[in-house]
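Containing PDB, C-alpha atoms and all ligand atoms: my_file36.pdb.
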```pdb
ATOM      1  CA  MET T 285       2.820   3.659  21.301
ATOM      2  CA  ALA T 286       2.128   5.322  17.946
ATOM      3  CA  ALA T 287       5.541   6.980  18.065
ATOM      4  CA  ALA T 288       7.158   3.544  17.863
ATOM      5  CA  ILE T 289       5.640   2.666  14.497
ATOM      6  CA  LYS T 290       8.300   2.341  11.797
ATOM      7  CA  PRO T 291       6.978   3.924   8.609
ATOM      8  CA  LEU T 292       6.704   1.996   5.349
ATOM      9  CA  VAL T 293       7.146   3.673   1.990
ATOM     10  CA  ALA T 294       5.887   1.321  -0.715
ATOM     11  CA  GLY T 295       5.865   1.928  -4.453
ATOM     12  CA  ASN T 296       3.059   0.576  -6.604
ATOM     13  CA  TRP T 297       4.312   0.308 -10.166
ATOM     14  CA  LYS T 298       0.827  -0.704 -11.413
ATOM     15  CA  MET T 299       0.997  -1.969 -15.045
ATOM     16  CA  ASN T 300       4.381  -0.364 -15.668
ATOM     17  CA  GLY T 301       7.787  -1.966 -15.937
ATOM     18  CA  LEU T 302       9.698  -4.281 -18.243
ATOM     19  CA  ARG T 303      12.951  -6.159 -17.679
ATOM     20  CA  ALA T 304      14.666  -2.875 -18.552
ATOM     21  CA  SER T 305      13.229  -1.396 -15.327
ATOM     22  CA  GLU T 306      15.460  -3.654 -13.255
ATOM     23  CA  GLY T 307      18.177  -1.004 -13.564
ATOM     24  CA  GLU T 308      15.971   1.650 -11.947
ATOM     25  CA  PHE T 309      15.160  -0.729  -9.096
ATOM     26  CA  ARG T 310      18.843  -1.505  -8.681
ATOM     27  CA  LYS T 311      19.458   2.243  -8.270
ATOM     28  CA  MET T 312      16.846   2.355  -5.497
ATOM     29  CA  VAL T 313      18.415  -0.575  -3.693
ATOM     30  CA  GLU T 314      21.921   0.819  -4.047
ATOM     31  CA  GLY T 315      20.695   4.232  -2.937
ATOM     32  CA  SER T 316      19.142   2.769   0.182
ATOM     33  CA  ILE T 317      22.343   0.902   1.005
ATOM     34  CA  ALA T 318      24.315   4.116   0.491
ATOM     35  CA  GLY T 319      22.065   5.924   2.975
ATOM     36  CA  ALA T 320      20.024   7.950   0.463
ATOM     37  CA  SER T 321      16.706   6.788   1.933
ATOM     38  CA  GLY T 322      14.944   7.843   5.087
ATOM     39  CA  ASP T 323      14.433   5.843   8.274
ATOM     40  CA  CYS T 324      11.590   3.659   7.024
ATOM     41  CA  ASP T 325      10.864   0.244   5.558
ATOM     42  CA  LEU T 326      11.131   0.193   1.776
ATOM     43  CA  MET T 327       9.111  -1.800  -0.728
ATOM     44  CA  ILE T 328       8.375  -1.850  -4.433
ATOM     45  CA  CYS T 329       5.352  -3.673  -5.830
ATOM     46  CA  PRO T 330       6.177  -4.316  -9.485
ATOM     47  CA  PRO T 331       4.015  -6.202 -11.964
ATOM     48  CA  ALA T 332       4.130  -9.911 -11.141
ATOM     49  CA  THR T 333       6.363 -10.541 -14.155
ATOM     50  CA  LEU T 334       9.188  -8.744 -12.329
ATOM     51  CA  LEU T 335       8.732 -10.142  -8.811
ATOM     52  CA  ALA T 336      11.379 -12.827  -9.107
ATOM     53  CA  SER T 337      14.057 -10.662 -10.696
ATOM     54  CA  LEU T 338      13.524  -7.697  -8.362
ATOM     55  CA  SER T 339      13.475  -9.845  -5.265
ATOM     56  CA  ALA T 340      16.783 -11.358  -6.388
ATOM     57  CA  ILE T 341      18.251  -7.852  -6.789
ATOM     58  CA  ALA T 342      17.029  -6.928  -3.274
ATOM     59  CA  ALA T 343      18.122 -10.219  -1.717
ATOM     60  CA  ASP T 344      20.739  -8.784   0.634
ATOM     61  CA  ALA T 345      19.250  -5.307   0.993
ATOM     62  CA  PRO T 346      16.770  -3.807   3.461
ATOM     63  CA  PHE T 347      14.241  -3.597   0.647
ATOM     64  CA  SER T 348      11.280  -5.837   0.018
ATOM     65  CA  VAL T 349       9.140  -6.617  -2.962
ATOM     66  CA  GLY T 350       5.358  -6.960  -3.031
ATOM     67  CA  ALA T 351       2.625  -7.925  -5.474
ATOM     68  CA  GLN T 352      -0.401  -5.900  -6.559
ATOM     69  CA  ASP T 353      -3.229  -8.421  -6.312
ATOM     70  CA  CYS T 354      -3.890 -12.102  -5.634
ATOM     71  CA  HIS T 355      -6.630 -14.644  -6.192
ATOM     72  CA  VAL T 356      -8.477 -15.906  -3.115
ATOM     73  CA  ALA T 357      -7.750 -19.579  -3.846
ATOM     74  CA  GLN T 358      -4.469 -21.373  -3.313
ATOM     75  CA  LYS T 359      -4.521 -23.078  -6.716
ATOM     76  CA  GLY T 360      -6.918 -24.400  -9.295
ATOM     77  CA  ALA T 361      -8.729 -23.719 -12.543
ATOM     78  CA  HIS T 362      -8.482 -19.916 -12.658
ATOM     79  CA  THR T 363      -6.822 -19.092 -15.955
ATOM     80  CA  GLY T 364      -4.601 -16.034 -15.786
ATOM     81  CA  ASP T 365      -4.836 -15.583 -12.018
ATOM     82  CA  LEU T 366      -2.053 -15.820  -9.458
ATOM     83  CA  SER T 367      -2.382 -17.148  -5.927
ATOM     84  CA  ALA T 368      -0.787 -15.559  -2.888
ATOM     85  CA  GLU T 369       1.336 -18.713  -2.557
ATOM     86  CA  MET T 370       2.701 -18.202  -6.098
ATOM     87  CA  LEU T 371       3.551 -14.573  -5.338
ATOM     88  CA  LYS T 372       5.331 -15.616  -2.159
ATOM     89  CA  ASP T 373       7.199 -18.276  -4.131
ATOM     90  CA  ALA T 374       8.320 -15.583  -6.608
ATOM     91  CA  GLY T 375       9.799 -13.516  -3.780
ATOM     92  CA  ALA T 376       6.955 -11.286  -2.615
ATOM     93  CA  ALA T 377       6.740 -10.332   1.054
ATOM     94  CA  ALA T 378       3.446  -8.499   0.664
ATOM     95  CA  VAL T 379       0.465  -8.047  -1.613
ATOM     96  CA  ILE T 380      -1.726  -5.006  -2.212
ATOM     97  CA  VAL T 381      -5.428  -5.895  -2.091
ATOM     98  CA  GLY T 382      -8.456  -3.760  -2.869
ATOM     99  CA  HIS T 383      -6.684  -1.003  -4.760
ATOM    100  CA  SER T 384      -9.336   1.378  -6.106
ATOM    101  CA  GLU T 385      -8.276   0.557  -9.669
ATOM    102  CA  ARG T 386      -9.140  -3.089  -9.025
ATOM    103  CA  ARG T 387     -12.335  -2.170  -7.210
ATOM    104  CA  ALA T 388     -13.311  -0.060 -10.265
ATOM    105  CA  ASP T 389     -11.914  -2.152 -13.136
ATOM    106  CA  HIS T 390     -12.732  -5.598 -11.749
ATOM    107  CA  GLY T 391     -15.750  -4.891  -9.558
ATOM    108  CA  GLU T 392     -14.001  -5.998  -6.377
ATOM    109  CA  THR T 393     -16.273  -5.617  -3.366
ATOM    110  CA  ASP T 394     -15.245  -5.257   0.270
ATOM    111  CA  GLU T 395     -16.095  -8.934   0.696
ATOM    112  CA  VAL T 396     -13.734  -9.978  -2.100
ATOM    113  CA  VAL T 397     -11.018  -7.708  -0.744
ATOM    114  CA  ALA T 398     -11.364  -9.252   2.726
ATOM    115  CA  ALA T 399     -11.076 -12.753   1.212
ATOM    116  CA  LYS T 400      -7.931 -11.675  -0.639
ATOM    117  CA  ALA T 401      -6.438 -10.316   2.590
ATOM    118  CA  GLN T 402      -7.070 -13.708   4.194
ATOM    119  CA  ALA T 403      -5.438 -15.412   1.207
ATOM    120  CA  ALA T 404      -2.405 -13.178   1.734
ATOM    121  CA  TRP T 405      -2.181 -14.205   5.394
ATOM    122  CA  ARG T 406      -2.577 -17.873   4.471
ATOM    123  CA  ALA T 407       0.569 -17.508   2.327
ATOM    124  CA  GLU T 408       2.300 -15.513   5.082
ATOM    125  CA  LEU T 409       2.265 -12.314   3.064
ATOM    126  CA  LEU T 410       1.654  -8.869   4.505
ATOM    127  CA  ALA T 411      -1.737  -7.622   3.235
ATOM    128  CA  ILE T 412      -1.764  -3.963   2.181
ATOM    129  CA  ILE T 413      -5.493  -3.219   2.207
ATOM    130  CA  CYS T 414      -6.559  -0.113   0.266
ATOM    131  CA  VAL T 415      -9.511   2.141   0.999
ATOM    132  CA  GLY T 416     -10.527   5.620  -0.140
ATOM    133  CA  GLU T 417     -13.469   7.740  -1.175
ATOM    134  CA  THR T 418     -14.343   9.031  -4.665
ATOM    135  CA  GLU T 419     -14.540  12.714  -5.508
ATOM    136  CA  ALA T 420     -18.353  12.632  -5.389
ATOM    137  CA  GLU T 421     -18.285  10.995  -1.960
ATOM    138  CA  ARG T 422     -15.871  13.626  -0.641
ATOM    139  CA  LYS T 423     -17.979  16.452  -2.066
ATOM    140  CA  ALA T 424     -21.018  14.957  -0.379
ATOM    141  CA  GLY T 425     -19.188  15.047   2.948
ATOM    142  CA  GLU T 426     -19.116  11.244   3.139
ATOM    143  CA  ALA T 427     -15.369  10.586   3.101
ATOM    144  CA  VAL T 428     -15.054   9.493   6.730
ATOM    145  CA  ALA T 429     -18.164   7.300   6.550
ATOM    146  CA  VAL T 430     -17.145   5.656   3.257
ATOM    147  CA  VAL T 431     -13.681   4.839   4.536
ATOM    148  CA  ALA T 432     -15.130   3.500   7.796
ATOM    149  CA  ARG T 433     -17.456   1.222   5.838
ATOM    150  CA  GLN T 434     -14.602  -0.015   3.640
ATOM    151  CA  ILE T 435     -12.419  -0.715   6.681
ATOM    152  CA  ALA T 436     -15.259  -2.614   8.356
ATOM    153  CA  GLY T 437     -15.876  -4.719   5.245
ATOM    154  CA  SER T 438     -12.373  -5.163   3.822
ATOM    155  CA  VAL T 439     -10.260  -5.798   6.909
ATOM    156  CA  PRO T 440     -10.928  -9.312   8.217
ATOM    157  CA  ASP T 441     -10.978 -10.350  11.858
ATOM    158  CA  GLY T 442      -7.496 -11.453  12.821
ATOM    159  CA  ALA T 443      -5.714  -8.413  11.419
ATOM    160  CA  THR T 444      -2.551  -7.548  13.335
ATOM    161  CA  ALA T 445       0.164  -4.937  12.993
ATOM    162  CA  GLU T 446       2.372  -7.755  11.659
ATOM    163  CA  ASN T 447       0.087  -9.067   8.933
ATOM    164  CA  THR T 448      -1.773  -5.946   7.797
ATOM    165  CA  VAL T 449      -1.147  -2.421   6.562
ATOM    166  CA  ILE T 450      -3.976  -0.042   5.677
ATOM    167  CA  ALA T 451      -3.519   2.347   2.745
ATOM    168  CA  TYR T 452      -5.825   5.358   2.572
ATOM    169  CA  GLU T 453      -5.910   6.492  -1.049
ATOM    170  CA  PRO T 454      -8.580   9.029  -1.983
ATOM    171  CA  VAL T 455      -9.578   8.000  -5.515
ATOM    172  CA  TRP T 456      -9.619  11.602  -6.743
ATOM    173  CA  ALA T 457      -6.006  12.113  -5.640
ATOM    174  CA  ILE T 458      -4.620   9.110  -7.537
ATOM    175  CA  GLY T 459      -2.605  10.108 -10.588
ATOM    176  CA  THR T 460      -4.168  13.584 -10.665
ATOM    177  CA  GLY T 461      -1.591  15.722  -8.890
ATOM    178  CA  LEU T 462      -4.365  16.697  -6.447
ATOM    179  CA  THR T 463      -3.925  15.964  -2.757
ATOM    180  CA  PRO T 464      -6.040  16.462   0.329
ATOM    181  CA  THR T 465      -4.823  19.110   2.743
ATOM    182  CA  PRO T 466      -2.720  17.841   5.648
ATOM    183  CA  GLY T 467      -5.734  18.656   7.838
ATOM    184  CA  ASP T 468      -8.006  16.424   5.747
ATOM    185  CA  VAL T 469      -5.435  13.640   5.847
ATOM    186  CA  ALA T 470      -5.202  14.033   9.628
ATOM    187  CA  ASP T 471      -8.994  13.753  10.008
ATOM    188  CA  ILE T 472      -9.303  10.565   7.960
ATOM    189  CA  HIS T 473      -6.250   8.876   9.451
ATOM    190  CA  LYS T 474      -7.457   9.709  12.968
ATOM    191  CA  SER T 475     -10.822   8.135  12.276
ATOM    192  CA  VAL T 476      -9.188   5.069  10.699
ATOM    193  CA  ARG T 477      -6.950   4.745  13.764
ATOM    194  CA  GLU T 478      -9.963   4.943  16.070
ATOM    195  CA  GLU T 479     -11.756   2.208  14.154
ATOM    196  CA  LEU T 480      -8.688  -0.023  14.149
ATOM    197  CA  VAL T 481      -8.176   0.442  17.888
ATOM    198  CA  GLN T 482     -11.831  -0.197  18.599
ATOM    199  CA  ARG T 483     -11.727  -3.434  16.651
ATOM    200  CA  PHE T 484      -8.206  -4.732  17.201
ATOM    201  CA  GLY T 485      -7.097  -3.072  20.453
ATOM    202  CA  ALA T 486      -3.331  -2.726  20.841
ATOM    203  CA  GLU T 487      -2.776  -4.223  17.374
ATOM    204  CA  GLY T 488      -4.863  -1.413  15.937
ATOM    205  CA  GLU T 489      -2.718   1.099  17.750
ATOM    206  CA  SER T 490       0.440  -0.089  16.031
ATOM    207  CA  MET T 491      -0.979  -1.024  12.602
ATOM    208  CA  ARG T 492       0.506   1.137   9.865
ATOM    209  CA  ILE T 493      -1.820   3.489   7.990
ATOM    210  CA  LEU T 494      -0.267   4.705   4.731
ATOM    211  CA  TYR T 495      -1.363   7.710   2.721
ATOM    212  CA  GLY T 496      -1.469   7.353  -1.081
ATOM    213  CA  GLY T 497      -2.390   9.698  -3.928
ATOM    214  CA  SER T 498      -0.029  12.015  -5.840
ATOM    215  CA  VAL T 499       2.776  11.738  -3.286
ATOM    216  CA  LYS T 500       6.017  13.201  -4.651
ATOM    217  CA  PRO T 501       9.255  14.501  -3.135
ATOM    218  CA  SER T 502       7.951  18.080  -2.941
ATOM    219  CA  ASN T 503       4.848  17.233  -0.879
ATOM    220  CA  ALA T 504       6.167  14.215   1.029
ATOM    221  CA  VAL T 505       7.126  16.037   4.211
ATOM    222  CA  GLU T 506       3.793  17.827   4.613
ATOM    223  CA  LEU T 507       1.735  14.689   3.922
ATOM    224  CA  LEU T 508       3.843  12.002   5.567
ATOM    225  CA  THR T 509       4.553  13.713   8.868
ATOM    226  CA  VAL T 510       0.842  14.136   9.693
ATOM    227  CA  ALA T 511      -0.256  12.323  12.877
ATOM    228  CA  ASN T 512      -1.291   8.715  12.218
ATOM    229  CA  VAL T 513       0.342   8.686   8.776
ATOM    230  CA  ASN T 514       2.821   5.837   8.971
ATOM    231  CA  GLY T 515       4.175   5.904   5.449
ATOM    232  CA  ALA T 516       3.062   6.161   1.843
ATOM    233  CA  LEU T 517       1.821   4.096  -1.054
ATOM    234  CA  VAL T 518       3.326   5.814  -4.077
ATOM    235  CA  GLY T 519       2.297   5.332  -7.690
ATOM    236  CA  GLY T 520       3.880   7.403 -10.473
ATOM    237  CA  ALA T 521       6.728   8.803  -8.387
ATOM    238  CA  SER T 522       7.879   5.288  -7.438
ATOM    239  CA  LEU T 523       9.002   4.563 -10.998
ATOM    240  CA  LYS T 524      12.113   6.714 -10.674
ATOM    241  CA  ALA T 525      14.787   5.987  -8.060
ATOM    242  CA  GLU T 526      15.489   9.644  -7.415
ATOM    243  CA  ASP T 527      11.824  10.460  -6.741
ATOM    244  CA  PHE T 528      11.167   7.360  -4.657
ATOM    245  CA  LEU T 529      14.235   7.876  -2.492
ATOM    246  CA  GLY T 530      13.385  11.586  -2.259
ATOM    247  CA  ILE T 531       9.974  10.682  -0.816
ATOM    248  CA  THR T 532      11.493   8.344   1.771
ATOM    249  CA  ALA T 533      13.707  11.240   2.877
ATOM    250  CA  ALA T 534      10.594  12.700   4.553
ATOM    251  CA  TYR T 535      11.542  10.302   7.375
ATOM    252  CA  SER T 536      15.137  11.478   7.698
TER     253      SER T 536
HETATM  254  P1  LIG C   1      -0.094   8.129  -7.698
HETATM  255  O1  LIG C   1       1.008   8.280  -6.679
HETATM  256  O2  LIG C   1       0.420   7.983  -9.098
HETATM  257  O3  LIG C   1      -1.142   9.175  -7.527
HETATM  258  O4  LIG C   1      -0.809   6.713  -7.372
HETATM  259  C1  LIG C   1      -1.166   6.418  -6.076
HETATM  260  C2  LIG C   1      -1.585   4.990  -6.023
HETATM  261  O5  LIG C   1      -2.605   4.600  -6.547
HETATM  262  C3  LIG C   1      -0.690   4.048  -5.326
HETATM  263  O6  LIG C   1      -1.300   2.820  -5.136
END
```
Can you give me the file's structure in the form of structure tokens?
Amino acid sequence: MAAAIKPLVAGNWKMNGLRASEGEFRKMVEGSIAGASGDCDLMICPPATLLASLSAIAADAPFSVGAQDCHVAQKGAHTGDLSAEMLKDAGAAAVIVGHSERRADHGETDEVVAAKAQAAWRAELLAIICVGETEAERKAGEAVAVVARQIAGSVPDGATAENTVIAYEPVWAIGTGLTPTPGDVADIHKSVREELVQRFGAEGESMRILYGGSVKPSNAVELLTVANVNGALVGGASLKAEDFLGITAAYS
């Protein structure tokens, strides 16, 4: 069953990208059409200001666009926030929820993250739910337990392989150039898989579990071909077409 999972390589541009970045995205789309990408689903999650223009560029390509966060409500008096419905309307097919930067910068709890995942489903968006331990938690030998707790609290009942992707991103590996060993990645992804199967049965068997944290073309093969790694969530290296496409080539 697991062998049938089509990987997803998604880029998270975070708070990077202006209209001028449309050209770089166009290169990614054209590269994928020309066969420069691997055999995987492709997605870029730009800042919300670029969702509409990038989704127009990708309109006829096998490339989707996602958002980086959403509010839990559909609409209302929430100045500066964006609902999942608005993101969908702007062309998003997915939304990242619970990224560690939002958990840290905005105090998002597992409960809030779960509510955001449900908001994503309400708007018929794929929810990319992020989990991952801090450096201190890893050093204390708590990585597996922390991730298990985050999965239990952040992934709502009703998750399916269609509506949900899990992204394991160890906080200490994000933007640092540090990565876990393939063996460490295998251990965490195996335990995440077991929890998903226990809770969601066959859906849990085919739900995608992405690895994220300092993925680049030179380490993509060793990290992304580990058992139960079904793709990547890429930060810095997703800003350049050559690097992003180079990472997807791990699935060639
Ligand atoms: P980097 O690839 O820059 O380490 O970021 C990973 C990440 O946070 C993706 O969501």
Open item on the list: To test your reading of the syntax: which residues would the PyMOL selection byres (((not hetatm)) within 7 of (chain C and resi 1)) return for the file shown? Reply as a PyMOL selection string.
Closed with: chain T and resi 295-296+383+453+457-461+496-499+517-521
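Proximity of T:Leu507, T:Ala342, T:Ile435, T:Val349 to Val476 in chain T, computed with all atoms listed in the file, is greatest for T:Ile435.
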Open item on the list: Taking the file as I've supplied it (selection: the PyMOL selection byres (((chain T and resi 431) around 8) and not hetatm)), which residues are included? Please answer as a ChimeraX atom specification.
Closed with: /T:415-417,427-430,432-435,472,476
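CA of Met491 in chain T is found 26.9 Å from CA of Ala525 in chain T.
With CA of Pro466 in chain T on one side and CA of Leu508 in chain T on the other, the separation reads 8.8 Å.
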TODO: Measure the distance from CA of Glu314 in chain T to CA of Glu506 in chain T in Å and round it to one decimal.
DONE: 26.3 Å
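In terms of minimum interatomic distance to Asp325 in chain T, T:Val293 ranks closest within T:Val293, T:Leu494, T:Val313, T:Ala340, counting all atoms listed in the file.
The closest residue to Val455 in chain T, picked from T:Glu369, T:Ala288, T:Leu480, T:Tyr495 and counting all atoms listed in the file, is T:Tyr495.
Among the candidate residues T:Ala486, T:Ala368, T:Asn512, T:Asp323, the one lying nearest to Ala451 in chain T is T:Asn512, with distances computed using all atoms listed in the file.
Among the candidates T:Leu335, T:Ala443, T:Val449, T:Met312, the one nearest to Ile380 in chain T when counting all atoms listed in the file is T:Val449.
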- [ ] Apply the PyMOL selection byres (((chain T and resi 350) around 6) and not hetatm) to the file shown and report the selected residues as a list in words.
- [x] Cys329, Val349, Ala351, Ala376, Ala377, Ala378 and Val379 of chain T
Open item on the list: I'd like to know which of T:Asp468, T:Lys474, T:Leu462, T:Ala411 is closest to Gly425 in chain T, using only C-alpha atoms.
Closed with: T:Asp468
Task: All residues 8 Å or closer to range 319-321 of chain T, all atoms listed in the file, same chain fewer than 4 positions away omitted, as a ChimeraX atom specification - done: /T:315,529-530,532-533,536
TODO: Would you list the contacts of Gly364 in chain T as number ranges by chain, taking every protein, DNA or RNA residue within 12 Å and counting only C-alpha atoms, but skipping same-chain residues closer than 6 positions in sequence?
DONE: T: 332, 354-355
Residue list as a PDB file with C-alpha atoms, in the frame of the given file for point (-21.6, -7.6, 1.1), cut-off 10 Å, only C-alpha atoms:
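Listed below is the output, out39.pdb:
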```
ATOM      1  CA  THR T 393     -16.273  -5.617  -3.366  1.00  0.00           C
ATOM      2  CA  ASP T 394     -15.245  -5.257   0.270  1.00  0.00           C
ATOM      3  CA  GLU T 395     -16.095  -8.934   0.696  1.00  0.00           C
ATOM      4  CA  VAL T 396     -13.734  -9.978  -2.100  1.00  0.00           C
ATOM      5  CA  GLY T 437     -15.876  -4.719   5.245  1.00  0.00           C
ATOM      6  CA  SER T 438     -12.373  -5.163   3.822  1.00  0.00           C
TER       7      SER T 438
END
```
